[in-house]
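Peer 1: Handing over upload.txt, compact mmCIF, C-alpha atoms.
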# COMPACT_ATOMS: atom_id res chain seq x y z
CA MET A 147 105.49 96.93 118.81
CA SER A 148 105.21 94.21 116.23
CA LEU A 149 101.58 94.95 115.37
CA ALA A 150 102.53 98.51 114.49
CA ARG A 151 105.43 97.13 112.44
CA ALA A 152 103.15 94.76 110.54
CA TRP A 153 100.60 97.54 110.00
CA GLY A 154 103.21 99.91 108.65
CA ALA A 155 104.77 97.23 106.46
CA LEU A 156 101.41 96.39 104.89
CA LEU A 157 100.62 100.05 104.23
CA ARG A 158 104.05 100.67 102.75
CA ARG A 159 103.91 97.58 100.55
CA ASP A 160 100.52 98.46 99.09
CA VAL A 161 101.54 102.03 98.32
CA MET A 162 104.79 100.77 96.77
CA LEU A 163 102.92 98.26 94.61
CA ALA A 164 100.53 100.95 93.42
CA LEU A 165 103.39 103.29 92.54
CA ARG A 166 105.02 100.54 90.46
CA GLN A 167 101.85 100.05 88.44
CA ARG A 168 101.15 103.65 87.55
CA GLY A 169 98.83 102.81 84.66
CA GLN A 170 96.36 101.27 87.05
CA LEU A 171 96.68 104.30 89.27
CA ALA A 172 96.01 106.81 86.49
CA ASN A 173 92.94 105.02 85.14
CA PRO A 174 90.32 106.17 87.69
CA LEU A 175 91.84 109.61 87.88
CA LEU A 176 91.65 110.07 84.12
CA PHE A 177 88.09 108.78 84.18
CA PHE A 178 87.17 111.37 86.82
CA VAL A 179 88.68 114.24 84.83
CA MET A 180 87.08 113.13 81.57
CA VAL A 181 83.58 112.64 82.96
CA VAL A 182 83.59 116.09 84.53
CA ALA A 183 85.24 117.76 81.54
CA LEU A 184 82.69 116.29 79.11
CA PHE A 185 79.71 117.90 80.80
CA PRO A 186 80.38 121.48 79.61
CA LEU A 187 80.93 120.07 76.11
CA GLY A 188 77.77 118.00 76.08
CA MET A 189 75.42 120.69 77.32
CA ASN A 190 74.96 124.41 77.26
CA PRO A 191 78.21 125.91 78.67
CA ASP A 192 76.34 128.65 80.46
CA PRO A 193 78.34 129.64 83.58
CA VAL A 194 75.25 129.86 85.76
CA LEU A 195 74.01 126.44 84.68
CA LEU A 196 77.47 124.89 85.12
CA ARG A 197 77.80 126.34 88.57
CA SER A 198 74.47 124.92 89.62
CA ILE A 199 75.23 121.38 88.41
CA ALA A 200 78.89 121.43 89.53
CA PRO A 201 78.49 119.83 92.99
CA GLY A 202 76.49 116.91 91.64
CA VAL A 203 78.65 116.37 88.57
CA ILE A 204 81.94 116.44 90.47
CA TRP A 205 80.63 114.14 93.17
CA VAL A 206 79.06 111.64 90.77
CA GLY A 207 82.36 111.61 88.86
CA ALA A 208 84.33 111.02 92.06
CA LEU A 209 81.95 108.26 93.11
CA LEU A 210 82.18 106.41 89.80
CA ALA A 211 85.96 106.82 89.74
CA ALA A 212 86.14 105.35 93.24
CA MET A 213 83.99 102.41 92.09
CA LEU A 214 86.31 101.84 89.17
CA ALA A 215 89.30 101.66 91.50
CA LEU A 216 87.65 99.40 94.08
CA GLU A 217 88.16 96.05 92.39
CA SER A 218 91.94 96.34 92.67
CA MET A 219 91.83 96.50 96.47
CA PHE A 220 91.92 92.75 97.12
CA ARG A 221 92.02 91.21 93.63
CA SER A 222 95.76 90.68 93.19
CA ASP A 223 96.17 89.64 96.82
CA PHE A 224 93.47 87.04 96.32
CA ASP A 225 95.04 85.73 93.13
CA ASP A 226 98.61 85.37 94.42
CA GLY A 227 97.84 84.06 97.88
CA ALA A 228 98.87 87.17 99.81
CA LEU A 229 95.38 87.34 101.27
CA GLU A 230 95.73 83.84 102.72
CA GLN A 231 98.98 84.86 104.35
CA MET A 232 97.26 87.94 105.77
CA LEU A 233 94.61 85.72 107.37
CA LEU A 234 97.28 83.50 108.90
CA THR A 235 99.09 86.18 110.87
CA PRO A 236 98.76 86.42 114.64
CA TYR A 237 97.44 89.99 114.28
CA PRO A 238 93.77 91.04 114.26
CA LEU A 239 92.53 90.92 110.68
CA PRO A 240 90.31 94.05 110.93
CA LEU A 241 93.37 96.17 111.73
CA LEU A 242 95.29 94.73 108.77
CA VAL A 243 92.25 95.43 106.60
CA LEU A 244 92.32 99.01 107.81
CA ALA A 245 95.95 99.30 106.69
CA LYS A 246 95.00 98.06 103.23
CA VAL A 247 92.04 100.41 102.96
CA THR A 248 94.20 103.33 104.09
CA ALA A 249 96.77 102.51 101.42
CA HIS A 250 94.03 102.20 98.83
CA TRP A 251 92.63 105.58 99.78
CA LEU A 252 96.08 107.19 99.66
CA VAL A 253 96.65 106.03 96.08
CA THR A 254 93.11 106.39 94.70
CA GLY A 255 91.25 108.87 96.92
CA VAL A 256 93.89 111.52 97.50
CA PRO A 257 94.60 112.03 93.76
CA LEU A 258 90.88 112.79 93.25
CA LEU A 259 91.18 115.36 95.99
CA LEU A 260 94.18 116.93 94.28
CA VAL A 261 92.57 117.41 90.86
CA ALA A 262 89.21 118.50 92.26
CA PRO A 263 90.10 122.25 92.48
CA LEU A 264 90.96 122.18 88.78
CA LEU A 265 87.63 120.64 87.91
CA ALA A 266 85.86 123.10 90.18
CA LEU A 267 87.44 125.87 88.15
CA LEU A 268 86.27 124.21 84.94
CA LEU A 269 82.68 124.22 86.18
CA ASN A 270 82.87 127.78 87.41
CA LEU A 271 82.73 126.91 91.08
CA GLU A 272 84.14 129.71 93.19
CA GLY A 273 85.24 130.90 96.59
CA GLU A 274 84.00 129.10 99.65
CA ALA A 275 82.25 126.42 97.59
CA VAL A 276 85.65 125.08 96.45
CA VAL A 277 86.83 124.83 100.05
CA ILE A 278 83.66 122.99 101.03
CA LEU A 279 84.02 120.72 97.99
CA LEU A 280 87.50 119.76 99.18
CA ALA A 281 86.27 119.26 102.73
CA SER A 282 83.44 117.02 101.52
CA LEU A 283 85.86 115.02 99.37
CA ALA A 284 88.32 114.71 102.25
CA LEU A 285 85.57 113.25 104.45
CA GLY A 286 83.76 111.40 101.69
CA THR A 287 86.45 109.57 99.72
CA PRO A 288 87.79 107.54 102.69
CA LEU A 289 84.17 106.64 103.35
CA LEU A 290 83.85 105.35 99.78
CA SER A 291 86.98 103.21 100.24
CA LEU A 292 85.80 101.80 103.57
CA ILE A 293 82.30 100.93 102.36
CA GLY A 294 83.64 99.63 99.08
CA ALA A 295 86.05 97.31 100.89
CA ILE A 296 83.11 95.33 102.30
CA GLY A 297 81.68 94.82 98.82
CA VAL A 298 85.03 93.87 97.33
CA ALA A 299 85.72 91.40 100.12
CA LEU A 300 82.36 89.73 99.50
CA THR A 301 82.83 89.47 95.73
CA VAL A 302 86.57 88.82 95.42
CA GLY A 303 86.06 85.06 95.26
CA LEU A 304 83.74 85.35 92.28
CA ARG A 305 85.24 85.40 88.82
CA ARG A 306 82.80 87.99 87.47
CA GLY A 307 81.91 89.93 90.57
CA GLY A 308 81.99 93.36 88.94
CA VAL A 309 78.26 93.82 88.38
CA LEU A 310 77.42 92.36 91.76
CA LEU A 311 79.92 94.71 93.36
CA SER A 312 78.21 97.75 91.81
CA LEU A 313 74.80 96.53 92.95
CA LEU A 314 76.06 95.95 96.47
CA VAL A 315 78.04 99.11 96.92
CA LEU A 316 76.22 101.79 94.96
CA PRO A 317 73.13 101.98 97.23
CA LEU A 318 75.46 102.45 100.20
CA TYR A 319 77.22 105.29 98.39
CA VAL A 320 73.99 107.24 97.94
CA PRO A 321 73.92 108.86 101.42
CA VAL A 322 77.52 110.02 100.94
CA LEU A 323 76.58 111.56 97.59
CA ILE A 324 73.51 113.31 99.01
CA PHE A 325 75.25 114.86 102.01
CA ALA A 326 78.44 115.79 100.16
CA ALA A 327 76.80 117.35 97.10
CA GLY A 328 74.28 119.00 99.42
CA ALA A 329 77.05 120.63 101.44
CA VAL A 330 78.67 122.10 98.32
CA GLY A 331 75.29 123.29 97.03
CA ASN A 332 74.57 124.97 100.35
CA ALA A 333 77.95 126.68 100.32
CA GLN A 334 77.15 128.12 96.88
CA ALA A 335 73.83 129.44 98.13
CA GLY A 336 75.52 130.95 101.17
CA MET A 337 73.77 128.64 103.62
CA ALA A 338 75.19 126.70 106.58
CA VAL A 339 77.10 123.52 105.72
CA THR A 340 78.07 122.28 109.17
CA GLY A 341 75.10 119.91 109.32
CA GLN A 342 76.03 117.98 106.19
CA LEU A 343 79.75 117.95 106.97
CA ALA A 344 79.05 116.79 110.51
CA PHE A 345 76.94 113.98 109.10
CA LEU A 346 79.75 112.96 106.74
CA GLY A 347 82.17 113.05 109.66
CA ALA A 348 79.88 110.89 111.77
CA LEU A 349 79.47 108.40 108.92
CA LEU A 350 83.23 108.30 108.49
CA ALA A 351 83.78 107.63 112.20
CA LEU A 352 81.20 104.87 112.09
CA ALA A 353 82.73 103.33 108.97
CA VAL A 354 86.27 103.40 110.39
CA ALA A 355 85.02 101.49 113.42
CA LEU A 356 82.71 98.99 111.75
CA ALA A 357 83.65 98.54 108.07
CA PRO A 358 86.98 96.74 108.81
CA LEU A 359 85.13 94.23 110.99
CA ALA A 360 82.62 93.50 108.24
CA THR A 361 85.37 93.37 105.62
CA ALA A 362 87.44 90.93 107.69
CA ALA A 363 84.42 88.65 108.16
CA ALA A 364 83.65 88.84 104.43
CA LEU A 365 87.25 87.97 103.54
CA ARG A 366 87.13 84.87 105.72
CA ILE A 367 83.96 83.77 103.94
CA SER A 368 85.44 84.49 100.51
CA LEU A 369 88.54 82.43 101.27
CA ASP A 370 86.69 79.47 102.80
CA MET B 294 102.55 74.09 129.21
CA SER B 295 105.30 71.59 128.55
CA THR B 296 106.65 71.21 125.05
CA ALA B 297 105.73 67.54 125.06
CA ALA B 298 102.07 68.53 125.26
CA VAL B 299 102.30 70.77 122.21
CA ALA B 300 100.93 68.76 119.37
CA LEU B 301 98.63 69.09 116.45
CA THR B 302 95.73 66.69 116.67
CA ALA B 303 92.87 66.22 114.28
CA GLU B 304 89.76 64.29 115.21
CA GLY B 305 87.27 63.00 112.68
CA LEU B 306 87.85 65.68 110.07
CA ALA B 307 85.51 65.65 107.12
CA CYS B 308 85.13 67.98 104.20
CA ARG B 309 82.44 68.38 101.62
CA ARG B 310 82.68 70.17 98.31
CA ALA B 311 79.46 70.76 96.36
CA GLU B 312 77.59 67.90 98.09
CA ARG B 313 80.44 65.49 97.38
CA ILE B 314 82.33 64.10 100.32
CA LEU B 315 85.96 64.90 99.72
CA PHE B 316 87.30 63.06 102.73
CA GLN B 317 85.94 62.00 106.07
CA ASP B 318 87.05 60.59 109.36
CA ILE B 319 90.60 61.88 109.16
CA SER B 320 92.31 61.67 112.52
CA PHE B 321 95.95 61.98 113.43
CA ALA B 322 98.25 63.30 116.11
CA LEU B 323 101.45 65.07 115.18
CA HIS B 324 104.09 65.49 117.88
CA PRO B 325 107.24 67.61 118.00
CA GLY B 326 109.88 66.29 115.63
CA GLU B 327 107.38 64.52 113.40
CA VAL B 328 106.51 65.03 109.77
CA LEU B 329 103.16 64.09 108.30
CA GLN B 330 103.21 63.30 104.64
CA VAL B 331 99.82 63.51 102.93
CA GLU B 332 99.47 61.35 99.84
CA GLY B 333 96.72 60.80 97.31
CA HIS B 334 95.77 61.18 93.68
CA ASN B 335 94.90 64.53 92.10
CA GLY B 336 91.66 66.00 93.36
CA CYS B 337 91.44 63.84 96.46
CA GLY B 338 91.48 66.88 98.73
CA LYS B 339 95.09 67.24 99.82
CA THR B 340 95.11 71.02 99.43
CA THR B 341 91.71 71.27 101.08
CA LEU B 342 92.96 69.25 104.04
CA LEU B 343 95.92 71.61 104.42
CA ARG B 344 93.64 74.63 104.24
CA VAL B 345 91.44 73.05 106.89
CA LEU B 346 94.50 72.51 109.08
CA CYS B 347 95.44 76.16 108.62
CA GLY B 348 91.99 77.23 109.72
CA LEU B 349 91.26 78.84 106.35
CA THR B 350 88.50 76.40 105.43
CA ARG B 351 85.94 75.23 107.94
CA PRO B 352 85.66 71.43 108.07
CA ALA B 353 82.20 69.87 107.69
CA ALA B 354 82.88 67.79 110.80
CA GLY B 355 85.62 67.19 113.32
CA ARG B 356 88.00 69.49 115.09
CA ILE B 357 91.65 70.45 115.12
CA CYS B 358 93.51 71.03 118.35
CA TRP B 359 96.82 72.71 119.01
CA ALA B 360 98.30 71.92 122.42
CA GLY B 361 95.00 70.41 123.46
CA GLU B 362 93.00 73.50 122.62
CA ASP B 363 90.63 73.90 119.67
CA ILE B 364 92.37 76.21 117.19
CA ARG B 365 89.18 78.27 116.82
CA ASP B 366 89.30 79.18 120.51
CA ASN B 367 92.66 80.86 120.36
CA TYR B 368 93.35 81.37 116.71
CA ALA B 369 95.90 84.17 117.10
CA ALA B 370 98.18 81.94 119.19
CA TYR B 371 97.89 79.13 116.65
CA ALA B 372 98.50 81.48 113.72
CA GLY B 373 101.68 82.63 115.44
CA GLU B 374 103.00 79.05 115.40
CA LEU B 375 101.95 78.37 111.83
CA ASN B 376 103.92 78.77 108.66
CA TYR B 377 101.93 77.96 105.54
CA VAL B 378 103.33 77.87 102.02
CA GLY B 379 100.57 77.06 99.57
CA HIS B 380 100.31 76.87 95.79
CA HIS B 381 100.28 80.63 95.63
CA ALA B 382 102.67 81.81 98.24
CA GLY B 383 101.73 85.46 98.36
CA ILE B 384 104.81 86.51 96.42
CA LYS B 385 104.23 89.89 94.79
CA GLU B 386 105.30 89.91 91.15
CA GLU B 387 106.21 93.59 91.20
CA LEU B 388 108.45 93.42 94.26
CA THR B 389 111.97 92.07 94.45
CA PRO B 390 112.65 88.88 96.44
CA LEU B 391 114.20 90.95 99.19
CA GLU B 392 111.21 93.30 99.45
CA ASN B 393 108.86 90.33 99.46
CA LEU B 394 110.73 88.68 102.29
CA THR B 395 111.12 91.84 104.33
CA PHE B 396 107.37 92.24 104.17
CA ALA B 397 106.73 88.58 105.00
CA ALA B 398 109.00 88.91 108.04
CA ALA B 399 107.17 92.00 109.29
CA LEU B 400 103.74 90.47 108.79
CA GLY B 401 104.71 87.10 110.23
CA GLY B 402 106.07 88.63 113.41
CA SER B 403 109.65 87.60 112.77
CA ALA B 404 111.92 87.91 115.76
CA GLY B 405 114.70 89.04 113.45
CA SER B 406 117.27 86.38 114.28
CA VAL B 407 117.63 85.69 110.56
CA VAL B 408 117.63 88.62 108.15
CA PRO B 409 116.05 88.34 104.67
CA GLU B 410 119.45 88.45 102.92
CA GLN B 411 120.64 85.41 104.88
CA ALA B 412 117.41 83.54 104.17
CA LEU B 413 117.79 84.14 100.42
CA GLN B 414 121.38 83.02 100.53
CA ARG B 415 120.51 79.85 102.40
CA ILE B 416 117.69 79.04 100.02
CA GLY B 417 120.11 79.31 97.12
CA LEU B 418 118.79 82.23 95.15
CA PRO B 419 121.53 83.67 92.92
CA PHE B 420 122.74 87.02 94.16
CA ALA B 421 121.98 88.61 90.76
CA CYS B 422 118.26 87.90 91.25
CA GLU B 423 117.88 89.91 94.40
CA ASP B 424 117.18 93.18 92.68
CA LEU B 425 114.86 91.85 90.00
CA PRO B 426 111.10 91.97 90.36
CA CYS B 427 109.78 88.47 91.01
CA ARG B 428 107.86 88.32 87.73
CA LYS B 429 111.22 88.06 85.96
CA LEU B 430 112.28 85.02 87.96
CA SER B 431 111.71 81.44 86.89
CA ALA B 432 109.03 79.32 88.54
CA GLY B 433 111.64 77.46 90.55
CA GLN B 434 113.30 80.64 91.73
CA ARG B 435 109.93 82.04 92.79
CA ARG B 436 109.30 78.82 94.67
CA ARG B 437 112.59 79.34 96.48
CA VAL B 438 111.59 82.87 97.45
CA ALA B 439 108.33 81.51 98.83
CA LEU B 440 110.15 78.83 100.81
CA ALA B 441 112.65 81.32 102.19
CA ARG B 442 109.93 82.64 104.48
CA LEU B 443 110.18 79.35 106.38
CA LEU B 444 113.60 80.46 107.55
CA LEU B 445 112.50 83.96 108.42
CA VAL B 446 109.22 83.57 110.22
CA PRO B 447 109.39 81.46 113.35
CA GLY B 448 106.77 78.76 113.54
CA ARG B 449 106.79 75.31 115.02
CA LEU B 450 104.27 73.99 112.54
CA TRP B 451 105.04 74.07 108.83
CA ILE B 452 102.24 73.33 106.42
CA LEU B 453 103.63 72.94 102.93
CA ASP B 454 101.55 72.29 99.84
CA GLU B 455 103.66 70.63 97.15
CA PRO B 456 106.88 72.34 98.21
CA PHE B 457 108.89 70.47 95.58
CA THR B 458 106.95 71.74 92.57
CA ALA B 459 109.18 73.44 90.01
CA LEU B 460 112.32 72.83 92.06
CA ASP B 461 115.41 71.21 90.57
CA VAL B 462 117.26 68.30 92.17
CA ALA B 463 119.40 70.57 94.33
CA GLY B 464 116.31 72.51 95.39
CA ARG B 465 114.51 69.33 96.41
CA ALA B 466 117.48 68.21 98.44
CA LEU B 467 117.59 71.62 100.09
CA VAL B 468 113.93 71.49 101.09
CA GLU B 469 114.41 67.96 102.43
CA ALA B 470 117.36 69.19 104.45
CA LEU B 471 115.29 72.07 105.81
CA LEU B 472 112.54 69.66 106.82
CA ARG B 473 114.99 67.32 108.55
CA GLU B 474 116.54 70.26 110.36
CA HIS B 475 113.16 71.59 111.39
CA ALA B 476 112.12 68.19 112.73
CA ALA B 477 115.41 67.77 114.56
CA GLN B 478 114.76 71.07 116.37
CA GLY B 479 111.40 69.80 117.55
CA GLY B 480 109.32 71.33 114.79
CA MET B 481 106.38 69.71 113.08
CA ALA B 482 105.46 69.67 109.42
CA VAL B 483 102.58 68.60 107.24
CA VAL B 484 103.66 68.10 103.63
CA THR B 485 101.90 67.02 100.47
CA SER B 486 104.02 65.67 97.72
CA HIS B 487 103.91 63.43 94.69
CA HIS B 488 107.58 62.64 95.03
CA ALA B 489 109.16 60.25 97.43
CA VAL B 490 110.52 62.47 100.17
CA ASP B 491 113.81 61.51 101.74
CA LEU B 492 113.54 62.40 105.40
CA GLU B 493 115.86 59.82 106.85
CA GLY B 494 116.29 60.21 110.56
CA SER B 495 112.97 61.98 111.07
CA ALA B 496 109.78 60.39 112.27
CA VAL B 497 107.50 60.36 109.25
CA GLN B 498 103.82 59.49 109.33
CA THR B 499 101.91 58.93 106.15
CA LEU B 500 98.30 59.79 105.60
CA HIS B 501 96.62 58.42 102.52
CA LEU B 502 93.60 60.27 101.16
CA GLY B 503 91.04 58.96 98.69
Would you encode the structure as structure tokens?
Peer 2:
Amino acid sequence: MSLARAWGALLRRDVMLALRQRGQLANPLLFFVMVVALFPLGMNPDPVLLRSIAPGVIWVGALLAAMLALESMFRSDFDDGALEQMLLTPYPLPLLVLAKVTAHWLVTGVPLLLVAPLLALLLNLEGEAVVILLASLALGTPLLSLIGAIGVALTVGLRRGGVLLSLLVLPLYVPVLIFAAGAVGNAQAGMAVTGQLAFLGALLALAVALAPLATAAALRISLD
Amino acid sequence: MSTAAVALTAEGLACRRAERILFQDISFALHPGEVLQVEGHNGCGKTTLLRVLCGLTRPAAGRICWAGEDIRDNYAAYAGELNYVGHHAGIKEELTPLENLTFAAALGGSAGSVVPEQALQRIGLPFACEDLPCRKLSAGQRRRVALARLLLVPGRLWILDEPFTALDVAGRALVEALLREHAAQGGMAVVTSHHAVDLEGSAVQTLHLG
């Protein structure tokens, strides 16, 4: 089907573009590693203390790294007219947006997921808590990309939209942070985590369904 | 729906930018085989008019119909007939011309009767350029890559914003030939240009803005 072909082509192109500009790709990842690695240096490296702050520190780091990577989602497409062409296809824009967000998550979210076990080790996180951390990141990082896409679409037409983007998106990231860090904290304390993870999963399902619609509408406004 | 009924009509279009009226009361009807040339000085709203015709910008007044139907009512069908090449043509600097065109064909719903290699050959891009990323090409060569999508993606309505910019004499002649060919096959085109366009044999309407 030609919609599937267009969807796949868009996903492939975005991943290919990201792989050709590796510097841009490494930037948020490096930021994530540095923020988390600086905590044990800046405060008392007591294993018990580190373990107790680990969920929050890793998640705040991941959240800020995701914010840092957001801007690139539509910026170059807006500047070179690719976004206009995307609006002028016969295919539903929300689905094309979903392809772009998926590509963005693959190149910015998945790397965070891959280095997270290393950082967990650094902060003395052990056993089941590491597994739950990865589960929360797997559910949470696509959520960050989907929510962020709405903010980027609204601000892409502004020359200095960076501050506005943070103000728009950060409050919406707070629930993700609370549930995700809460799940890892619970796992450390040996308590049930299904509640928090189920909430993250529900939020993700909701965002997959609704965020592309909002993003598509915002893009049309930005390009008017 | 007979092909004779398929036409682009605009009724009383007006556009405002920051409380200033850019243009108003623009009406025309474009039929198969016709080319509309939009003229006017810099800043008179030519690009805005084209964006309005594409459905990217909402006009302050008036409506645009395709085959008698408001384009907002069935936008997907209209978008499938439309081929827009603007100032920025969506060419990715990091991709090669061939990759750019392959993507454009997939996104534009190309039927695949022309393959990207043939389109590049027809548009006159040197063979040596095919494997270079587009940022290494000259402005004129990039323009040619952008225009090559006209050959790839089917569309009865071409909307071209300054297609002759950065092109050399041979390039201009080529684009004129493409336009004549398109019109001869029953296509329609809306073109802005500062140059005199030689479209002998085609029905050309002129719209003067400002």
Peer 1: For Ser148 in chain A, which residue among B:Val328, B:Ala398, B:Ala354, B:Val378 is the nearest when counting only C-alpha atoms?
Peer 2: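 When distances to Ser148 in chain A are compared using only C-alpha atoms, the smallest one comes from B:Ala398.
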Peer 1: Just how far from CA of Leu279 in chain A is CA of Val182 in chain A, in Å to one decimal?
Peer 2: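 Answer for the CA of Val182 in chain A to CA of Leu279 in chain A separation: 14.2 Å.
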Peer 1: Record the distance separating CA of Trp251 in chain A and CA of Thr287 in chain A, expressed in Å with one decimal.
Peer 2: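 Answer for the CA of Trp251 in chain A to CA of Thr287 in chain A separation: 7.4 Å.
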Peer 1: Counting all atoms listed in the file, a student should be able to say which residues of chain A come within 9 Å of chain B; what is the right answer, written as an MDAnalysis selection string?
Peer 2: chainID A and resid 148:149 151:156 159 162:163 166:167 222:238 366:367 369:370
Peer 1: Quick check, in Å to one decimal: how far apart do CA of Gly331 in chain A and CA of Ile199 in chain A lie?
Peer 2: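 CA of Ile199 in chain A lies 8.8 Å from CA of Gly331 in chain A.
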Peer 1: Wanna dump the range 172-252 of chain A-range 335-342 of chain A contacts at 12 Å for me, each residue with its shortest atom pair and the distance in Å to one decimal, counting only C-alpha atoms, ordered by chain and number, as CSV?
Peer 2:
residue,atom,partner,partner_atom,distance
A:Arg197,CA,A:Ala335,CA,10.8
A:Ser198,CA,A:Ala335,CA,9.7
A:Pro201,CA,A:Ala335,CA,11.9
